[in-house]
Amino acid sequence: MAYHDDWESLMNDVFGTGAGPRGGGAPSQKPKTKKKTDSLPDLNKTLLEQQKALDELLRKQNTTLKQQDDTARRALDESRRMLKDMEADGLLAKGTAETPQEHLGTFQGLAAEVKQTVLGQDAFVDELVRAMRRPFILGVEPPRARNVILISGRSGTGRHFALREVARRMAARGLLKNDQCAVLDLALYLDSGSEKLFLQDLYAALHSPGEIVIFEHYERCGPAFLKTLADLAVRGSAPLTSRYLVNREGVLVDAGASLAPGAISRIDPCGKYLIFFSHAGREEMADAFGARFAASLGDVCRTREFSPESLSALAAQQLNALSQRVLRQLKLTLQAGADVRDYVAAQCTRTEGAAGLSGCCERIFRALSEYCLGQDVLRKGSVALTVERQTLWFSIDGKKKRPLFDLLPAAYTGAADAVRQEIEALVGLEPVKDYVFGLADHLQVQKRRAAAGLRTEGLSMHMIFTGNPGTGKTTIARLVARYLKAIGALRGGQLIEASRGDLVGRYTGHTAPLTNRVIESALGGVLFIDEAYSLYRGEQDSFGLEAIDTLVKGMEDHREDLVVILAGYTREMTDFLAANSGLASRFPNQIEFPDYTAEELMQITQLLAKKKGYRLDEGCTGPLMDYFSRRQAAGSRTAGNGRMARNTLERAIFHQSHRLVAEPDAPLDLILPMDLELEEEP
């Protein structure tokens with residue numbers, strides 16, 4: 001113990017170095033006769049003083065040990081209280097809330113405890129507990145990271161909940177100081193302008209009271225900041241480009257080039273667990289952070305798909321929690337059988353995962369709340385839930401059954417209706433409109449199937465738009481992004497327009513990160529690549545082929561959260577699809593945009609004029625129809641289609657301005673045949 005040296009020093013002071021207490025140990029040389037008898041009182045005084053010092057030392061030791069025991073006991077009591085609450089709510093089997101005293105300070109049985117609340121991910125829990133235990137077995141020298149861990153898997157598979165449960169139970173056993181986790185959303189730091197914010201947030205996280213630092217969304221982080229994180233993991237510290245002072249509030253202040261005392265020039269992991277969350281695995285992290293970082297990962301923990309049995313258990317857990325909430329807040333006793341459990345379990349989709357179960361129970365609670373809001377007084381009673389004809393029904397105190405979700409307000413569809421009207425107002429493009437509106441019909445049916453507890457099927461929404469210039473490909477792509485957002489098919493709805501220059505790098509190793517960055521920016525929305533065939537310039541174009549391969553892989557990795565639309569001329573797009581064997585199969589929806597007829601171009605011209613606040617004289621119709629017919633017949637690919645109509649109108653407005661200067665009394669909004677410039681263009 002740490003007190004051994006103090007005890008030895010005390011004994012040496014009393015008996016001399018190397019001596020032992022009187023009457024003990026081996027025979028020694030006969031002591032010399034004391035010449036002065038008054039030396040004995042001095043020895044007794046010394047013994048008394050040293051005994052007092054020994055008593056004080058032992059008292060301090062006992063006080064320290066008692067404080068440590070009290071801290072561990074408080075953490076254990078808090079853990080037991082939370083578990084007993086879960087038992088009372090029906091979330092744990094009876095008897096599982098006790099943490100055996102002999103397990104304090106050990107990992108024994110920890111994984112089994114976590115599995116009582118984290119259901120359906122036994123292998124993942126084992127991997128996570130092993131990752132948290134690794135530094136206890138291998139040892140680690142602070143300030144190096146205690147362990148660098150990747151937690152991967154789809155959203156809704158319990159990744160975050162499992163980590164919180166492991167941390168909470170480790171803290172209860174005294175294996176962690178507390179269960180706090182600092183979280184850094186790396187998507188906030190995109191470029192060099194975010195450097196000071198990134199360093200401040202990173203420093204604060206590494207010096208937070210908890211021992212776990214979580215990093216989210218590394219895929220969207222600026223490369224320079226990923227280098228800093230890689231240095232923390234690989235080298236054990238990250239050098240700073242400038243020197244910083246830390247003020248009393250823990251804020252970093254740039255000290256510039258001054259040699260200010262206490263200034264720091266690097267950031268250390270402070271002995272924390274560094275935990276990265278991602279949907280991807282080690283190979284994808286190597287692309288972003290480098291191979292050395294991927295090799296430094298101590299553990300890779302991956303969640304799996306839920307089995308039907310696991311989903312049933314999760315649904316029962318959610319319904320138990322719901323029944324307690326309904327009783328506590330609505331004064332109703334909830335009754336539900338296996339049919340309701342299976343209905344809730346079926347809400348686990350590829351997009352939402354297990355979050356679909358909690359979302360369903362939340363809708364049930366909201367619907368019952370709407371019923372109670374219609375009553376003057378909350379009265380105790382019972383509510384029975386049943387599933388009939390793929391619909392959830394409820395009955396209060398045995399009265400007539402009614403569809404439960406009819407109680408909820410009707411969903412808002414204004415945004416979808418508005419975008420649909422914009423699409424319908426476009427001239428022509430009937431095959432395109434039919435396909436886009438068909439996506440909404442499919443999504444609506446799948447939602448009905450999910451609500452009925454039936455299996456749902458995803459639909460690949462990646463598209464290829466082919467056709468001549470000016471046929472509306474870009475316009476439709478923008479409207480599709482907004483429409484898919486409005487109908488709930490996409491969470492973001494942004495449209496990212498990219499070209500070869502945005503995807504293909506200038507040197508070896510540059511293309512894949514460049515393409516991945518564009519893909520990440522489009523997640524939740526639509527990535528639109530016009531003139532996509534420019535990515536492929538023949539078999540010798542290795543950079544272009546790398547961009548295509550990276551794009552295909554990104555589409556597969558994010559198939560639930562990304563729509564890619566490629567556009568280009570018909571013939572060139574056919575050659576482009578042959579560049580990668582997996583490319584054509586990932587674009588089942590190839591839509592040909594037909595050239596506009598003369599009548600459609602006339603309609604487009606009139607609509608554009610109306611939007612700009614002009615009107616065409618009736619005498620303009622004949623000349624414009626003849627002009628559009630001749631131009632389209634001569635070559636629609638070079639004529640421009642809709643662009644030709646816009647350019648023709650803009651030239652007419654320009655010439656009208658000259659005429660109005662000479663005719664101040666003429667109508668300002670009327671375009672006459674004399675304003676048209678319809679000569680054949682070269």
# chains A, B, ... in the order shown; residues from 1 in each chain; ligands from 1
$ residues_around --residues "Gly381 of chain A" --least-positions-apart "4" --cutoff "8 Å" --atoms "only C-alpha atoms" --output "short mmCIF file (atom, residue, chain, number, x, y, z; two decimals) with N, CA, C and O atoms, in the first residue's frame"
data_model
loop_
_atom_site.label_atom_id
_atom_site.label_comp_id
_atom_site.auth_asym_id
_atom_site.auth_seq_id
_atom_site.Cartn_x
_atom_site.Cartn_y
_atom_site.Cartn_z
N LYS A 331 -54.65 8.17 -16.48
CA LYS A 331 -55.48 7.44 -15.51
C LYS A 331 -56.17 6.24 -16.14
O LYS A 331 -57.22 5.79 -15.65
N LEU A 332 -55.62 5.70 -17.24
CA LEU A 332 -56.22 4.56 -17.92
C LEU A 332 -55.32 3.34 -17.79
O LEU A 332 -54.10 3.44 -17.89
N THR A 333 -55.95 2.19 -17.56
CA THR A 333 -55.22 0.93 -17.52
C THR A 333 -55.21 0.33 -18.92
O THR A 333 -56.28 0.04 -19.49
N ILE A 396 -62.95 1.88 -24.69
CA ILE A 396 -62.87 2.39 -23.32
C ILE A 396 -63.93 1.69 -22.48
O ILE A 396 -65.13 1.75 -22.79
N ASP A 397 -63.48 0.98 -21.43
CA ASP A 397 -64.39 0.31 -20.49
C ASP A 397 -65.39 -0.60 -21.20
O ASP A 397 -66.59 -0.64 -20.87
#
$ residues_around --residues "segment 283-287 of chain A" --least-positions-apart "5" --cutoff "9 Å" --atoms "only C-alpha atoms" --output "PyMOL selection string"
chain A and resi 218-219+278+292-295+512-513
$ residues_around --residues "Leu676 of chain A" --least-positions-apart "3" --cutoff "9 Å" --atoms "only C-alpha atoms" --output "list of chain:residue names"
A:Cys620, A:Pro623, A:Leu624, A:Thr648, A:Leu649, A:Arg651, A:Ala652, A:Ile653, A:His655, A:Gln656, A:Ile671, A:Leu672, A:Pro673
$ write_last_selection --atoms "C-alpha atoms" --output "PDB file, in the first residue's frame"
ATOM      1  CA  CYS A 620     -47.596  36.428 -82.666  1.00  0.00           C
ATOM      2  CA  PRO A 623     -45.065  33.334 -86.757  1.00  0.00           C
ATOM      3  CA  LEU A 624     -43.927  31.666 -83.544  1.00  0.00           C
ATOM      4  CA  THR A 648     -37.004  34.021 -78.210  1.00  0.00           C
ATOM      5  CA  LEU A 649     -39.133  35.782 -75.591  1.00  0.00           C
ATOM      6  CA  ARG A 651     -35.182  38.956 -77.570  1.00  0.00           C
ATOM      7  CA  ALA A 652     -38.792  40.087 -78.119  1.00  0.00           C
ATOM      8  CA  ILE A 653     -38.811  41.980 -74.803  1.00  0.00           C
ATOM      9  CA  HIS A 655     -36.934  44.834 -79.122  1.00  0.00           C
ATOM     10  CA  GLN A 656     -40.194  45.943 -77.486  1.00  0.00           C
ATOM     11  CA  ILE A 671     -45.599  42.154 -77.326  1.00  0.00           C
ATOM     12  CA  LEU A 672     -46.427  42.624 -81.015  1.00  0.00           C
ATOM     13  CA  PRO A 673     -45.345  40.551 -84.035  1.00  0.00           C
TER      14      PRO A 673
END
$ atom_distance --atom1 "atom CA of Gln318 of chain A" --atom2 "atom CA of Asp122 of chain A"
18.6 Å
$ closest_residue --among "A:Val526, A:Ala345, A:Ala167, A:Val326" --to "Ser312 of chain A" --atoms "only C-alpha atoms"
A:Ala345
$ select_by_dssp --residues "segment 436-604 of chain A" --states "helix (DSSP H, G or I)" --output "number ranges by chain"
A: 436-451, 473-486, 500-503, 511-522, 532-535, 542-557, 570-577, 584-586, 598-604
$ residues_around --residues "Gln603 of chain A" --least-positions-apart "6" --cutoff "10 Å" --atoms "only C-alpha atoms" --output "number ranges by chain"
A: 426-428, 597, 609, 645
$ write_last_selection --atoms "C-alpha atoms" --output "short mmCIF file (atom, residue, chain, number, x, y, z; two decimals), in the first residue's frame"
data_model
loop_
_atom_site.label_atom_id
_atom_site.label_comp_id
_atom_site.auth_asym_id
_atom_site.auth_seq_id
_atom_site.Cartn_x
_atom_site.Cartn_y
_atom_site.Cartn_z
CA LEU A 426 -45.22 22.06 -66.52
CA VAL A 427 -45.91 21.81 -70.24
CA GLY A 428 -45.72 18.26 -71.64
CA THR A 597 -43.54 20.07 -80.07
CA ALA A 609 -44.40 35.87 -70.70
CA ALA A 645 -38.60 29.54 -76.20
#
$ closest_residue --among "A:Tyr596, A:Gln540, A:Val253, A:Cys270" --to "Gly635 of chain A" --atoms "only C-alpha atoms"
A:Tyr596
$ closest_residue --among "A:Ala486, A:Cys301, A:Ile476, A:Val234" --to "Ser152 of chain A" --atoms "only C-alpha atoms"
A:Cys301
$ residues_around --residues "Glu388 of chain A" --least-positions-apart "5" --cutoff "10 Å" --atoms "only C-alpha atoms" --output "list in words"
Asp339, Val340, Trp393, Pro403 and Ala452 of chain A
$ atom_distance --atom1 "atom CA of Met555 of chain A" --atom2 "atom CA of Leu274 of chain A"
28.6 Å
$ atom_distance --atom1 "atom CA of Val419 of chain A" --atom2 "atom CA of Ile604 of chain A"
18.6 Å
$ closest_residue --among "A:Ala666, A:Ala481, A:Val552, A:Cys221" --to "Arg517 of chain A" --atoms "only C-alpha atoms"
A:Cys221
$ decode --residues "segment 348-359 of chain A" --atoms "all heavy atoms" --output "mmCIF file, in the first residue's frame"
data_model
loop_
_atom_site.group_PDB
_atom_site.id
_atom_site.type_symbol
_atom_site.label_atom_id
_atom_site.label_comp_id
_atom_site.auth_asym_id
_atom_site.auth_seq_id
_atom_site.Cartn_x
_atom_site.Cartn_y
_atom_site.Cartn_z
ATOM 1 N N CYS A 348 -40.739 -1.764 -37.234
ATOM 2 C CA CYS A 348 -39.294 -1.677 -37.438
ATOM 3 C C CYS A 348 -39.018 -1.733 -38.934
ATOM 4 O O CYS A 348 -39.218 -2.773 -39.570
ATOM 5 C CB CYS A 348 -38.574 -2.817 -36.713
ATOM 6 S SG CYS A 348 -36.778 -2.819 -36.938
ATOM 7 N N THR A 349 -38.582 -0.629 -39.506
ATOM 8 C CA THR A 349 -38.294 -0.548 -40.931
ATOM 9 C C THR A 349 -36.796 -0.329 -41.137
ATOM 10 O O THR A 349 -36.063 0.007 -40.202
ATOM 11 C CB THR A 349 -39.070 0.601 -41.583
ATOM 12 O OG1 THR A 349 -38.632 1.848 -41.004
ATOM 13 C CG2 THR A 349 -40.563 0.439 -41.357
ATOM 14 N N ARG A 350 -36.339 -0.485 -42.368
ATOM 15 C CA ARG A 350 -34.925 -0.273 -42.657
ATOM 16 C C ARG A 350 -34.534 1.184 -42.439
ATOM 17 O O ARG A 350 -33.398 1.485 -42.080
ATOM 18 C CB ARG A 350 -34.603 -0.680 -44.093
ATOM 19 C CG ARG A 350 -34.629 -2.178 -44.339
ATOM 20 C CD ARG A 350 -34.009 -2.491 -45.689
ATOM 21 N NE ARG A 350 -32.636 -2.026 -45.768
ATOM 22 C CZ ARG A 350 -31.579 -2.697 -45.319
ATOM 23 N NH1 ARG A 350 -31.746 -3.871 -44.727
ATOM 24 N NH2 ARG A 350 -30.356 -2.203 -45.441
ATOM 25 N N THR A 351 -35.464 2.077 -42.641
ATOM 26 C CA THR A 351 -35.146 3.496 -42.481
ATOM 27 C C THR A 351 -35.086 3.902 -41.018
ATOM 28 O O THR A 351 -34.152 4.580 -40.584
ATOM 29 C CB THR A 351 -36.198 4.358 -43.203
ATOM 30 O OG1 THR A 351 -36.243 3.978 -44.579
ATOM 31 C CG2 THR A 351 -35.845 5.831 -43.098
ATOM 32 N N GLU A 352 -36.059 3.462 -40.208
ATOM 33 C CA GLU A 352 -36.144 3.899 -38.814
ATOM 34 C C GLU A 352 -35.553 2.905 -37.829
ATOM 35 O O GLU A 352 -35.172 3.293 -36.722
ATOM 36 C CB GLU A 352 -37.604 4.161 -38.444
ATOM 37 C CG GLU A 352 -38.242 5.306 -39.192
ATOM 38 C CD GLU A 352 -39.628 5.612 -38.666
ATOM 39 O OE1 GLU A 352 -39.743 6.367 -37.687
ATOM 40 O OE2 GLU A 352 -40.596 5.064 -39.214
ATOM 41 N N GLY A 353 -35.484 1.620 -38.193
ATOM 42 C CA GLY A 353 -35.012 0.627 -37.244
ATOM 43 C C GLY A 353 -35.958 0.498 -36.069
ATOM 44 O O GLY A 353 -37.176 0.680 -36.193
ATOM 45 N N ALA A 354 -35.381 0.222 -34.885
ATOM 46 C CA ALA A 354 -36.207 0.047 -33.690
ATOM 47 C C ALA A 354 -36.885 1.344 -33.264
ATOM 48 O O ALA A 354 -37.828 1.311 -32.468
ATOM 49 C CB ALA A 354 -35.351 -0.494 -32.544
ATOM 50 N N ALA A 355 -36.422 2.483 -33.792
ATOM 51 C CA ALA A 355 -37.092 3.748 -33.468
ATOM 52 C C ALA A 355 -38.533 3.745 -33.957
ATOM 53 O O ALA A 355 -39.375 4.479 -33.427
ATOM 54 C CB ALA A 355 -36.328 4.916 -34.084
ATOM 55 N N GLY A 356 -38.840 2.913 -34.960
ATOM 56 C CA GLY A 356 -40.214 2.814 -35.425
ATOM 57 C C GLY A 356 -41.148 2.273 -34.363
ATOM 58 O O GLY A 356 -42.338 2.611 -34.330
ATOM 59 N N LEU A 357 -40.626 1.423 -33.462
ATOM 60 C CA LEU A 357 -41.450 0.869 -32.391
ATOM 61 C C LEU A 357 -41.824 1.958 -31.393
ATOM 62 O O LEU A 357 -42.990 2.097 -31.012
ATOM 63 C CB LEU A 357 -40.715 -0.263 -31.678
ATOM 64 C CG LEU A 357 -40.732 -1.638 -32.351
ATOM 65 C CD1 LEU A 357 -39.986 -1.640 -33.688
ATOM 66 C CD2 LEU A 357 -40.111 -2.690 -31.428
ATOM 67 N N SER A 358 -40.814 2.722 -30.970
ATOM 68 C CA SER A 358 -41.106 3.800 -30.018
ATOM 69 C C SER A 358 -41.985 4.866 -30.663
ATOM 70 O O SER A 358 -42.839 5.463 -30.005
ATOM 71 C CB SER A 358 -39.799 4.420 -29.507
ATOM 72 O OG SER A 358 -39.027 4.926 -30.581
ATOM 73 N N GLY A 359 -41.791 5.099 -31.980
ATOM 74 C CA GLY A 359 -42.640 6.059 -32.672
ATOM 75 C C GLY A 359 -44.087 5.609 -32.715
ATOM 76 O O GLY A 359 -45.010 6.423 -32.566
#
